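See below for data_6.txt, which holds compact mmCIF, C-alpha atoms and all ligand atoms.
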# COMPACT_ATOMS: atom_id res chain seq x y z
CA MET M 1 -16.99 14.16 -23.40
CA LEU M 2 -14.90 15.32 -20.45
CA LYS M 3 -15.17 13.55 -17.14
CA LEU M 4 -15.54 16.37 -14.64
CA SER M 5 -16.00 15.40 -11.03
CA ILE M 6 -14.46 16.52 -7.76
CA PRO M 7 -14.66 15.64 -4.06
CA VAL M 8 -17.09 18.53 -3.45
CA GLN M 9 -17.07 18.71 0.35
CA GLU M 10 -13.31 18.44 0.66
CA PHE M 11 -12.78 20.96 -2.15
CA ALA M 12 -15.21 23.47 -0.63
CA SER M 13 -13.95 23.16 2.94
CA HIS M 14 -10.25 23.57 1.98
CA LEU M 15 -11.03 26.46 -0.33
CA LEU M 16 -13.24 28.30 2.19
CA LYS M 17 -10.81 27.83 5.06
CA TRP M 18 -7.97 29.24 2.94
CA TYR M 19 -10.09 32.19 1.80
CA ARG M 20 -11.20 33.15 5.30
CA GLU M 21 -7.57 33.21 6.43
CA ASN M 22 -6.07 34.89 3.35
CA ARG M 23 -8.66 37.18 1.76
CA ARG M 24 -7.44 40.64 0.80
CA ASP M 25 -9.10 43.62 2.38
CA LEU M 26 -10.49 45.29 -0.77
CA PRO M 27 -12.83 48.31 -0.74
CA TRP M 28 -15.67 46.54 -2.56
CA ARG M 29 -15.65 43.81 0.08
CA LYS M 30 -16.73 46.21 2.84
CA ASN M 31 -20.33 45.16 2.30
CA SER M 32 -22.35 43.20 -0.24
CA ASP M 33 -24.30 46.11 -1.70
CA PRO M 34 -25.21 45.08 -5.32
CA TYR M 35 -24.17 48.47 -6.76
CA ARG M 36 -20.68 48.24 -5.21
CA VAL M 37 -20.27 44.66 -6.42
CA TRP M 38 -21.50 45.67 -9.87
CA VAL M 39 -19.13 48.65 -10.26
CA SER M 40 -16.15 46.66 -8.97
CA GLU M 41 -16.81 43.69 -11.26
CA VAL M 42 -17.12 45.93 -14.31
CA MET M 43 -13.92 47.80 -13.43
CA LEU M 44 -12.05 44.56 -12.79
CA GLN M 45 -12.71 43.26 -16.30
CA GLN M 46 -9.31 43.24 -18.10
CA THR M 47 -7.85 45.41 -15.31
CA GLN M 48 -5.66 44.64 -12.31
CA VAL M 49 -6.90 45.06 -8.73
CA LYS M 50 -4.25 47.64 -7.78
CA THR M 51 -5.25 49.81 -10.76
CA VAL M 52 -8.95 49.52 -9.95
CA VAL M 53 -8.84 50.43 -6.22
CA PRO M 54 -8.40 54.26 -6.56
CA TYR M 55 -10.85 54.42 -9.50
CA PHE M 56 -13.45 52.45 -7.56
CA GLU M 57 -13.20 54.76 -4.56
CA GLU M 58 -13.39 57.91 -6.68
CA PHE M 59 -16.30 56.52 -8.74
CA LEU M 60 -18.30 55.68 -5.62
CA ARG M 61 -17.60 59.12 -4.16
CA THR M 62 -18.79 60.78 -7.38
CA TYR M 63 -21.75 58.44 -8.03
CA PRO M 64 -22.73 56.98 -4.65
CA SER M 65 -25.86 55.23 -5.92
CA ILE M 66 -27.37 53.69 -9.05
CA GLU M 67 -29.68 56.70 -9.25
CA ALA M 68 -26.77 59.18 -9.10
CA LEU M 69 -25.04 57.29 -11.90
CA ALA M 70 -28.21 57.11 -14.01
CA ASN M 71 -28.70 60.89 -13.71
CA ALA M 72 -25.09 61.80 -14.61
CA GLN M 73 -23.93 63.00 -18.04
CA GLU M 74 -21.97 60.51 -20.13
CA ASN M 75 -19.00 62.84 -20.59
CA GLU M 76 -18.71 63.31 -16.81
CA ILE M 77 -18.69 59.54 -16.34
CA LEU M 78 -16.05 59.11 -19.04
CA SER M 79 -13.93 61.76 -17.28
CA THR M 80 -14.14 59.84 -14.00
CA TRP M 81 -13.28 56.63 -15.89
CA SER M 82 -10.48 58.33 -17.84
CA GLY M 83 -7.27 56.27 -17.71
CA LEU M 84 -9.00 53.01 -16.82
CA GLY M 85 -9.50 52.09 -20.50
CA TYR M 86 -12.14 49.92 -22.20
CA TYR M 87 -14.58 52.82 -22.10
CA LYS M 88 -17.45 50.80 -23.49
CA ARG M 89 -17.72 49.41 -19.95
CA ALA M 90 -18.44 52.90 -18.57
CA ARG M 91 -21.04 53.65 -21.25
CA ASN M 92 -22.79 50.33 -20.65
CA LEU M 93 -22.73 50.86 -16.88
CA HIS M 94 -24.41 54.22 -17.38
CA LYS M 95 -27.07 52.84 -19.76
CA ALA M 96 -27.72 49.87 -17.49
CA ALA M 97 -28.11 52.17 -14.44
CA GLN M 98 -30.76 54.15 -16.35
CA ILE M 99 -32.63 50.93 -17.23
CA VAL M 100 -32.41 49.71 -13.61
CA CYS M 101 -33.96 53.01 -12.46
CA GLU M 102 -36.67 53.03 -15.15
CA GLN M 103 -37.64 49.36 -15.08
CA HIS M 104 -36.51 47.87 -11.75
CA GLY M 105 -37.19 50.63 -9.24
CA GLY M 106 -33.48 51.42 -8.83
CA GLU M 107 -32.59 47.91 -7.57
CA PHE M 108 -30.22 45.70 -9.57
CA PRO M 109 -32.51 42.78 -10.62
CA PRO M 110 -31.80 39.68 -8.51
CA ASP M 111 -33.03 37.46 -11.35
CA LEU M 112 -30.45 36.00 -13.76
CA SER M 113 -32.46 36.35 -16.97
CA GLN M 114 -33.36 39.97 -16.17
CA ALA M 115 -29.77 40.79 -15.21
CA LEU M 116 -28.51 39.37 -18.51
CA GLN M 117 -30.77 41.77 -20.45
CA LEU M 118 -28.81 44.77 -19.15
CA PRO M 119 -26.10 46.34 -21.35
CA GLY M 120 -22.61 45.15 -20.45
CA ILE M 121 -23.85 42.35 -18.18
CA GLY M 122 -22.66 38.94 -19.33
CA PRO M 123 -22.83 35.61 -17.48
CA TYR M 124 -19.71 36.35 -15.41
CA THR M 125 -20.79 39.77 -14.12
CA ALA M 126 -24.38 38.61 -13.56
CA GLY M 127 -23.10 35.54 -11.67
CA ALA M 128 -20.79 37.69 -9.53
CA ILE M 129 -23.52 40.19 -8.58
CA LEU M 130 -26.21 37.58 -7.94
CA SER M 131 -23.95 35.37 -5.84
CA LEU M 132 -21.87 37.99 -3.99
CA ALA M 133 -24.66 40.51 -3.37
CA TYR M 134 -27.78 38.32 -3.18
CA GLY M 135 -26.27 34.99 -2.11
CA LYS M 136 -27.79 33.12 -5.10
CA PRO M 137 -26.13 29.84 -6.11
CA VAL M 138 -24.97 31.06 -9.52
CA PRO M 139 -21.54 30.10 -10.86
CA ILE M 140 -18.88 32.47 -12.18
CA LEU M 141 -16.32 31.61 -14.78
CA ASP M 142 -13.60 33.96 -15.98
CA GLY M 143 -10.01 33.42 -17.12
CA ASN M 144 -8.71 32.98 -13.55
CA ILE M 145 -11.34 30.46 -12.53
CA GLY M 146 -11.14 28.64 -15.88
CA ARG M 147 -7.39 28.26 -15.40
CA LEU M 148 -7.81 26.88 -11.87
CA PHE M 149 -10.33 24.24 -12.94
CA SER M 150 -8.48 23.33 -16.10
CA ARG M 151 -5.49 22.46 -13.89
CA TYR M 152 -7.37 20.96 -10.98
CA LEU M 153 -9.36 18.69 -13.28
CA LYS M 154 -6.60 18.35 -15.93
CA ILE M 155 -8.72 19.57 -18.81
CA GLU M 156 -6.61 19.22 -21.93
CA GLY M 157 -7.05 21.49 -24.93
CA ALA M 158 -7.88 25.20 -24.92
CA LEU M 159 -10.79 26.43 -22.81
CA GLU M 160 -13.12 27.33 -25.66
CA GLY M 161 -16.06 25.89 -27.63
CA SER M 162 -17.55 22.66 -26.30
CA THR M 163 -14.85 22.27 -23.60
CA LEU M 164 -15.82 25.62 -22.13
CA ALA M 165 -19.53 24.77 -22.38
CA GLN M 166 -18.95 21.53 -20.46
CA LEU M 167 -17.02 23.37 -17.76
CA ARG M 168 -19.89 25.86 -17.44
CA ARG M 169 -22.41 23.01 -16.99
CA PHE M 170 -20.12 21.41 -14.41
CA LEU M 171 -19.99 24.67 -12.43
CA VAL M 172 -23.78 25.07 -12.51
CA GLN M 173 -24.01 21.59 -10.99
CA LEU M 174 -21.22 22.31 -8.47
CA VAL M 175 -22.80 25.46 -7.01
CA SER M 176 -26.13 23.66 -6.57
CA GLU M 177 -24.49 21.23 -4.09
CA ALA M 178 -25.56 22.11 -0.54
CA SER M 179 -22.02 22.50 0.85
CA VAL M 180 -21.27 25.08 -1.84
CA ALA M 181 -24.66 26.81 -2.15
CA GLU M 182 -24.83 27.63 1.57
CA SER M 183 -21.50 29.54 1.33
CA ILE M 184 -21.80 30.82 -2.22
CA ARG M 185 -20.62 34.38 -1.42
CA ASP M 186 -17.34 33.19 0.03
CA PHE M 187 -17.06 30.22 -2.35
CA ASN M 188 -17.13 32.37 -5.50
CA GLN M 189 -14.86 35.02 -4.00
CA ALA M 190 -12.47 32.29 -2.88
CA LEU M 191 -12.25 30.97 -6.44
CA MET M 192 -11.51 34.49 -7.72
CA GLU M 193 -8.89 35.01 -5.02
CA MET M 194 -7.24 31.64 -5.65
CA GLY M 195 -7.02 32.35 -9.38
CA ALA M 196 -5.48 35.76 -8.69
CA LEU M 197 -3.07 34.85 -5.87
CA VAL M 198 -2.24 31.13 -5.94
CA CYS M 199 -3.18 29.39 -9.20
CA THR M 200 -1.56 32.19 -11.22
CA PRO M 201 -0.84 32.04 -14.96
CA ARG M 202 2.95 31.60 -14.89
CA ASN M 203 4.10 30.39 -11.49
CA PRO M 204 1.27 28.66 -9.63
CA GLN M 205 2.02 28.39 -5.92
CA CYS M 206 1.19 24.67 -5.73
CA VAL M 207 3.31 24.06 -2.64
CA SER M 208 1.11 26.36 -0.55
CA CYS M 209 -2.16 25.65 -2.44
CA PRO M 210 -5.06 24.36 -0.29
CA LEU M 211 -6.25 22.22 -3.23
CA ALA M 212 -2.91 20.60 -4.03
CA ALA M 213 -3.75 17.22 -2.44
CA SER M 214 -6.44 16.51 -5.04
CA CYS M 215 -5.20 18.61 -8.01
CA ILE M 216 -4.53 16.36 -11.00
CA ALA M 217 -2.26 18.82 -12.87
CA TYR M 218 -0.05 19.16 -9.79
CA GLU M 219 0.09 15.40 -9.30
CA LYS M 220 1.18 14.94 -12.93
CA GLY M 221 3.49 17.98 -13.10
CA LEU M 222 1.28 19.72 -15.67
CA GLU M 223 0.47 22.87 -13.70
CA LYS M 224 2.64 25.07 -15.93
CA THR M 225 1.39 23.67 -19.23
CA LEU M 226 -2.37 23.89 -18.58
CA PRO M 227 -4.56 25.43 -19.79
CA GLN M 228 -3.43 25.38 -23.39
CA PRO M 229 -3.55 28.80 -25.05
CA ARG M 230 -6.70 29.91 -26.84
CA THR M 231 -6.76 30.94 -30.48
CA ARG M 232 -5.79 34.62 -30.47
CA ARG M 233 -7.42 37.29 -32.55
CA ALA M 234 -4.89 38.87 -34.95
CA VAL M 235 -3.70 42.37 -34.03
CA GLN M 236 -4.86 45.07 -36.44
CA GLU M 237 -2.60 48.08 -36.95
CA PHE M 238 -3.76 51.62 -37.67
CA HIS M 239 -1.80 54.82 -38.33
CA TYR M 240 -2.99 58.36 -37.62
CA THR M 241 -1.39 61.77 -37.94
CA VAL M 242 -2.36 64.02 -35.04
CA ALA M 243 -2.05 67.80 -35.01
CA LEU M 244 -0.81 69.37 -31.77
CA ILE M 245 -1.91 73.00 -31.67
CA ALA M 246 -0.87 74.58 -28.37
CA ARG M 247 -1.85 77.77 -26.58
CA GLY M 248 0.05 77.89 -23.31
CA GLU M 249 -0.91 74.71 -21.44
CA LYS M 250 -4.04 74.29 -23.54
CA TYR M 251 -4.45 72.36 -26.77
CA LEU M 252 -7.06 72.47 -29.49
CA LEU M 253 -9.15 69.33 -29.06
CA THR M 254 -12.13 67.99 -30.98
CA GLN M 255 -14.74 65.49 -29.82
CA ASN M 256 -14.72 62.10 -31.52
CA ARG M 257 -18.20 61.27 -32.73
CA GLU M 258 -17.32 58.38 -35.05
CA ASP M 259 -15.04 55.57 -33.84
CA THR M 260 -16.68 52.88 -31.83
CA PHE M 261 -13.62 52.60 -29.56
CA LEU M 262 -12.97 56.33 -28.87
CA ARG M 263 -16.41 57.81 -29.37
CA GLY M 264 -17.21 60.65 -26.98
CA PHE M 265 -13.55 61.40 -26.18
CA TRP M 266 -11.75 64.66 -26.82
CA GLU M 267 -8.71 64.24 -29.04
CA PHE M 268 -6.11 66.15 -30.97
CA PRO M 269 -7.45 66.63 -34.51
CA ARG M 270 -6.29 63.59 -36.46
CA ILE M 271 -6.36 62.16 -39.94
CA GLN M 272 -5.82 58.63 -41.13
CA GLY M 273 -2.37 57.44 -42.15
CA PRO M 274 1.19 58.50 -41.32
CA PRO M 275 2.30 62.05 -42.21
CA THR M 276 2.69 62.86 -45.90
CA SER M 277 3.65 66.01 -47.80
CA ARG M 278 -0.11 66.70 -48.21
CA LEU M 279 -0.94 66.64 -44.52
CA ALA M 280 -1.81 70.38 -44.25
CA GLU M 281 -4.26 69.93 -47.14
CA ASN M 282 -5.75 66.81 -45.57
CA PHE M 283 -6.31 68.54 -42.22
CA LYS M 284 -8.05 71.37 -44.08
CA MET M 285 -10.32 68.91 -45.89
CA THR M 286 -11.13 66.78 -42.84
CA HIS M 287 -11.31 69.42 -40.08
CA GLY M 288 -11.43 72.76 -41.89
CA LEU M 289 -8.19 73.77 -40.15
CA HIS M 290 -5.49 75.80 -41.92
CA LEU M 291 -2.25 74.59 -40.39
CA LYS M 292 1.41 75.30 -40.77
CA VAL M 293 3.63 72.35 -39.92
CA ARG M 294 6.51 73.23 -37.59
CA LYS M 295 7.93 69.92 -36.51
CA ARG M 296 7.25 66.19 -36.57
CA ALA M 297 7.65 64.20 -33.34
CA ALA M 298 8.36 60.51 -32.75
CA PRO M 299 5.34 58.19 -33.16
CA VAL M 300 3.55 56.81 -30.11
CA SER M 301 1.71 53.49 -30.12
CA HIS M 302 -1.27 52.53 -28.00
CA ARG M 303 -3.17 49.22 -27.72
CA ILE M 304 -6.96 49.06 -27.49
CA THR M 305 -7.95 45.39 -27.28
CA PHE M 306 -6.81 43.86 -30.60
CA ARG M 307 -6.06 47.23 -32.22
CA LYS M 308 -2.59 48.75 -32.26
CA LEU M 309 -2.93 52.48 -32.91
CA ASN M 310 0.18 54.33 -34.09
CA PHE M 311 -0.08 58.08 -33.58
CA HIS M 312 2.30 60.36 -35.49
CA PRO M 313 2.28 63.77 -33.75
CA VAL M 314 3.04 66.92 -35.72
CA LEU M 315 3.51 70.27 -33.97
CA VAL M 316 1.66 72.87 -35.98
CA SER M 317 0.48 76.45 -35.75
CA LEU M 318 -3.01 77.56 -36.64
CA GLN M 319 -3.26 79.88 -39.65
CA SER M 320 -7.07 80.08 -39.87
CA PRO M 321 -9.47 82.03 -37.62
CA GLU M 322 -10.44 80.48 -34.29
CA PRO M 323 -12.41 77.26 -34.98
CA GLN M 324 -15.89 77.03 -33.49
CA GLN M 325 -18.41 74.43 -32.30
CA THR M 326 -16.75 71.01 -32.49
CA PHE M 327 -13.43 72.27 -31.09
CA THR M 328 -12.33 73.46 -27.68
CA TRP M 329 -9.13 74.84 -26.16
CA THR M 330 -8.48 72.87 -23.03
CA LYS M 331 -5.80 71.39 -20.84
CA PRO M 332 -6.00 67.62 -21.59
CA GLY M 333 -7.53 65.83 -18.63
CA GLN M 334 -9.75 68.73 -17.52
CA LYS M 335 -13.03 67.52 -15.99
CA GLY M 336 -15.91 67.39 -18.49
CA TYR M 337 -13.53 66.76 -21.41
CA PRO M 338 -12.65 63.06 -21.18
CA VAL M 339 -9.49 62.01 -22.99
CA SER M 340 -8.05 58.58 -23.73
CA SER M 341 -4.72 57.82 -22.02
CA TYR M 342 -3.01 57.93 -25.43
CA ILE M 343 -3.26 61.74 -25.29
CA GLN M 344 -1.14 61.84 -22.11
CA LYS M 345 1.27 59.33 -23.70
CA ILE M 346 1.82 61.69 -26.63
CA LEU M 347 2.33 64.70 -24.36
CA LYS M 348 4.77 62.76 -22.21
CA SER M 349 6.72 61.61 -25.27
CA LEU M 350 7.26 65.28 -26.22
CA GLU M 351 9.03 65.91 -22.91
CA SER M 352 11.73 63.32 -23.59
S1 LIG M 401 -2.13 22.72 -6.94
FE1 LIG M 401 -1.24 24.21 -8.30
S2 LIG M 401 -2.21 23.87 -10.26
FE2 LIG M 401 -3.45 22.84 -8.73
S3 LIG M 401 -5.03 24.30 -8.19
FE3 LIG M 401 -3.35 24.57 -6.74
S4 LIG M 401 -2.04 26.17 -7.60
FE4 LIG M 401 -3.40 25.44 -9.22
Go through the file and emit its structure as structure tokens.
Ligand code: SF4
Amino acid sequence: MLKLSIPVQEFASHLLKWYRENRRDLPWRKNSDPYRVWVSEVMLQQTQVKTVVPYFEEFLRTYPSIEALANAQENEILSTWSGLGYYKRARNLHKAAQIVCEQHGGEFPPDLSQALQLPGIGPYTAGAILSLAYGKPVPILDGNIGRLFSRYLKIEGALEGSTLAQLRRFLVQLVSEASVAESIRDFNQALMEMGALVCTPRNPQCVSCPLAASCIAYEKGLEKTLPQPRTRRAVQEFHYTVALIARGEKYLLTQNREDTFLRGFWEFPRIQGPPTSRLAENFKMTHGLHLKVRKRAAPVSHRITFRKLNFHPVLVSLQSPEPQQTFTWTKPGQKGYPVSSYIQKILKSLES
């Protein structure tokens, strides 16, 4: 059993003072509207702040309210999200907005158990929305905050399993303390900001850290060795041959209706595996396309979470009549035809 205790008042007052003097001026901090907090927290999952800022502003311009988002078409939302990656987040946001409109009168539910029922809302996102938008004393725990506490409290071992569960319980207790609960909006944002700017993964800025005086890792010189790494999921590799059929600036694209990770996106027709001498036959069988191979291009790889996708482009010409229904001729990136960023990567690789 870990012994987790801190000088709460001192911790909170140093942290809050630092935050009020150093907070970044970010667009989602303009007000505490639950929808803005929600969209920003979903976008910030696995994604850096500087990448998120323009997407957040464009998303809010396009879908200014939960209702506007609920009423939009999924492919339009994916287009707006295009390039931000982890598209399941956008689909869940859309589904959750529809549920909020149908079951909660268009207001994000301020109740933790109801919030957790929504697609794509886990304890971190629910905690962020409830605390930042509604001022509820609910803790948040992500990689940044976990790292800060694992150093501050000198938690040895990886932050997973029972260690993580104990840290969660400790945080529930911490945010119920009066000196924290009364400033929960700033307190939780201060923890996020500290994890992002000061207690960073590789080079924590301990010398200028407001918590340094009581940080155990700093006192013992362990700030660069904690937390210990978590068990990583093995990377899975996949190979695909993709057919590039051009007409001016347009390409023949088909909508993916199968993969869980690229479903709904428009892609170059592709088949599994690297190119073989039977590729024209395989494209005919899989897509009904009669192709003549002109040239093979260098492969392009693309990571989606634990998957490494290797795309082998082949430049081909179309021998069969114009394909119908599941295909379209379009300039990749055109609104209404969302594409994954790997499509642009392939096109860029052809220029070099
Ligand atoms: S003193 Fe260093 S290790 Fe401790 S909380 Fe601050 S930045 Fe992190």
Check which residues of chain M sit at most 7 Å from ligand LIG 401 (chain M) using all atoms listed in the file, and return one row each with the closest pair of atoms and their distance in Å to one decimal, ordered by chain and rising number, as a tab-separated table.
residue	atom	partner	partner_atom	distance
M:Leu148	CA	M:LIG401	S3	5.3
M:Arg151	CA	M:LIG401	S2	5.1
M:Tyr152	CA	M:LIG401	FE2	4.9
M:Val198	CA	M:LIG401	S4	5.2
M:Cys199	CA	M:LIG401	S4	3.8
M:Pro204	CA	M:LIG401	S4	4.6
M:Gln205	CA	M:LIG401	S4	4.9
M:Cys206	CA	M:LIG401	FE1	3.6
M:Cys209	CA	M:LIG401	FE3	4.6
M:Pro210	CA	M:LIG401	FE3	6.7
M:Leu211	CA	M:LIG401	FE3	5.1
M:Ala212	CA	M:LIG401	S1	3.7
M:Cys215	CA	M:LIG401	FE2	4.6
M:Ile216	CA	M:LIG401	FE2	7.0
M:Ala217	CA	M:LIG401	S2	5.7
M:Tyr218	CA	M:LIG401	S1	5.0
M:Glu223	CA	M:LIG401	S2	4.5
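Computed from the coordinates, the CA of Phe149 (chain M) to CA of Asn31 (chain M) distance equals 27.7 Å.
Our summary of the geometry notes that CA of Gln334 (chain M) is positioned 26.6 Å from CA of Pro27 (chain M).
Taking only C-alpha atoms into account, the protein, DNA and RNA residues within 10 Å of (-26.1, 49.6, -17.0) read Trp38, Val39, Ile66, Leu69, Ala70, Arg89, Ala90, Arg91, Asn92, Leu93, His94, Lys95, Ala96, Ala97, Gln98, Ile99, Val100, Cys101, Phe108, Ala115, Gln117, Leu118, Pro119, Gly120 and Ile121 of chain M.
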Checklist outcome for this item: Between CA of Val339 (chain M) and CA of Gly83 (chain M) lies a distance of 8.1 Å
Item to check | Surrounding residues of Leu174 (chain M) excluding itself and chain neighbours under 6 positions, 12 Å, only C-alpha atoms, as an MDAnalysis selection string | outcome: chainID M and resid 4:9 11:12 137:140 149 167:168 180:182 184 187:188
Checklist entry - If we count only C-alpha atoms, what is near region 260-266 of chain M at a cut-off of 9 Å, once residues fewer than 5 positions away on the same chain are taken out, given as a PyMOL selection string? => result chain M and resi 74-75+78-79+86-88+253-255+304+327-328+332+337-340
Next on the checklist: From (-8.9, 27.1, 1.9), in the file's coordinates, out to 10 Å: which residues are reached, counting only C-alpha atoms? Answer as a list in words.
Outcome noted: Glu10, Phe11, Ala12, Ser13, His14, Leu15, Leu16, Lys17, Trp18, Tyr19, Arg20, Glu21, Asn22, Phe187, Ala190, Leu191, Met194, Cys209, Pro210 and Leu211 of chain M
